[in-house]
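Just entry.txt here, compact mmCIF, C-alpha atoms:
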# COMPACT_ATOMS: atom_id res chain seq x y z
CA MET A 154 -20.72 -18.00 7.15
CA HIS A 155 -23.59 -19.26 5.05
CA SER A 156 -26.45 -21.57 5.86
CA ASN A 157 -26.67 -25.28 5.14
CA LEU A 158 -26.19 -25.87 1.40
CA ALA A 159 -28.39 -28.96 1.15
CA PRO A 160 -30.34 -28.82 -2.12
CA HIS A 161 -33.78 -29.41 -0.59
CA LEU A 162 -33.45 -26.19 1.42
CA HIS A 163 -32.97 -23.81 -1.51
CA THR A 164 -34.51 -22.69 -4.78
CA ASN A 165 -33.30 -24.04 -8.12
CA GLU A 166 -31.55 -20.74 -8.83
CA CYS A 167 -29.52 -20.91 -5.63
CA ASN A 168 -28.81 -24.61 -6.14
CA GLU A 169 -27.29 -23.81 -9.53
CA LEU A 170 -25.05 -21.16 -7.97
CA ILE A 171 -24.04 -23.55 -5.20
CA ALA A 172 -23.14 -26.18 -7.80
CA LYS A 173 -21.04 -23.66 -9.76
CA MET A 174 -19.19 -22.64 -6.61
CA ARG A 175 -18.50 -26.26 -5.63
CA GLU A 176 -17.37 -27.05 -9.16
CA CYS A 177 -14.96 -24.10 -9.08
CA TYR A 178 -13.63 -25.30 -5.73
CA THR A 179 -12.95 -28.78 -7.10
CA GLN A 180 -11.36 -27.46 -10.30
CA HIS A 181 -9.15 -24.95 -8.46
CA PRO A 182 -8.23 -26.50 -5.10
CA PHE A 183 -5.43 -23.99 -4.45
CA LYS A 184 -6.47 -21.01 -6.55
CA LYS A 185 -9.69 -20.76 -4.53
CA PHE A 186 -7.56 -19.35 -1.71
CA VAL A 187 -6.45 -16.40 -3.85
CA GLY A 188 -9.94 -15.44 -5.03
CA VAL A 189 -10.53 -17.37 -8.26
CA CYS A 190 -13.93 -18.58 -7.04
CA ASP A 191 -14.97 -15.42 -5.22
CA ARG A 192 -17.53 -14.29 -7.78
CA PHE A 193 -19.37 -17.63 -7.50
CA GLU A 194 -19.37 -17.45 -3.74
CA ARG A 195 -20.53 -13.81 -3.81
CA ASP A 196 -23.42 -14.67 -6.16
CA MET A 197 -24.36 -17.66 -4.04
CA SER A 198 -24.27 -15.60 -0.84
CA GLU A 199 -26.50 -12.95 -2.37
CA CYS A 200 -29.00 -15.58 -3.51
CA LEU A 201 -29.03 -17.18 -0.05
CA ARG A 202 -29.49 -13.75 1.55
CA MET A 203 -32.50 -13.03 -0.68
CA GLU A 204 -34.01 -16.42 0.15
CA ARG A 205 -33.53 -15.79 3.87
CA LYS A 206 -35.18 -12.37 3.63
CA GLN A 207 -38.15 -13.83 1.74
CA ASN A 208 -38.51 -16.54 4.38
CA GLN A 209 -38.31 -13.95 7.16
CA ARG A 210 -41.07 -11.87 5.56
CA ALA A 211 -43.27 -14.94 5.09
CA ASN A 212 -42.70 -16.06 8.69
CA TYR A 213 -43.46 -12.56 9.97
CA ARG A 214 -46.77 -12.52 8.07
CA LYS A 215 -47.63 -15.96 9.44
CA SER A 216 -46.88 -14.85 12.99
CA ILE A 217 -49.08 -11.76 12.64
CA GLU A 218 -51.94 -13.92 11.34
CA LYS A 219 -51.45 -16.39 14.19
CA GLN A 220 -51.45 -13.61 16.79
CA SER A 221 -54.61 -12.20 15.24
CA ARG A 222 -56.32 -15.61 15.39
CA LYS A 223 -55.29 -16.03 19.03
CA SER A 224 -56.64 -12.58 19.87
CA ASN A 225 -59.93 -13.34 18.12
CA ASN A 226 -60.21 -16.68 19.92
CA MET A 227 -59.57 -14.98 23.26
CA ASP A 228 -62.23 -12.36 22.52
CA GLU A 229 -64.72 -15.09 21.64
CA TYR A 230 -63.85 -16.96 24.83
CA VAL A 231 -64.37 -13.86 26.99
CA GLU A 232 -67.74 -13.20 25.34
CA PHE A 233 -68.77 -16.83 25.82
CA LYS A 234 -67.70 -16.79 29.47
CA LYS A 235 -69.59 -13.54 30.08
CA ALA A 236 -72.72 -14.90 28.38
CA PHE A 237 -72.45 -18.13 30.39
CA LYS A 238 -72.19 -16.22 33.68
CA ASP A 239 -75.11 -13.95 32.76
CA GLY A 240 -77.22 -16.96 31.79
CA SER A 241 -76.58 -18.87 35.01
CA LYS A 242 -77.75 -16.06 37.34

Step by step, read the file and then write its structure as structure tokens.
Amino acid sequence: MHSNLAPHLHTNECNELIAKMRECYTQHPFKKFVGVCDRFERDMSECLRMERKQNQRANYRKSIEKQSRKSNNMDEYVEFKKAFKDGSK
């Protein structure tokens, strides 16, 4: 099963492959069941897989950066709290 094929979700390259697959399906409504359009679907699936992997890598990098920022903010908060306590005594 592949992801949503809406054009705004994919690159131009994948959108072209999706269009070719859909065109093949409309031109060969019965032959598609015996594999006439398989190469288009295989190419499209590979393109979607590569997009997904790129998005996963980008999201992973973003999450690492976010965790780092949270850790830094927590460290700053602990230092501030310690300085505040030391200053009030």

Interatomic distance (Å, one decimal) between CA of Cys190 (chain A) and CA of Met174 (chain A):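 Computing it gives 6.7 Å between the two atoms.
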
CA of Glu194 (chain A) to CA of Leu158 (chain A), straight-line distance in Å: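 Atom-to-atom, CA of Leu158 (chain A) and CA of Glu194 (chain A) are spaced 12.0 Å apart.
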
Two-atom distance - CA of His163 (chain A), CA of Cys200 (chain A) (Å):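 Pair CA of His163 (chain A) / CA of Cys200 (chain A) returns 9.4 Å.
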
Selection near Arg195 (chain A), 12 Å with all atoms listed in the file, sequence-local residues under 2 positions removed, as a list of chain:residue names: A:Met154, A:His155, A:Cys167, A:Leu170, A:Ile171, A:Lys173, A:Met174, A:Gly188, A:Val189, A:Cys190, A:Asp191, A:Arg192, A:Phe193, A:Met197, A:Ser198, A:Glu199, A:Cys200, A:Leu201, A:Arg202

Residue nearest Pro160 (chain A) - candidates A:Lys235, A:Lys184, A:Arg214, A:Ala172, atoms counted: only C-alpha atoms: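 Closest candidate: A:Ala172.
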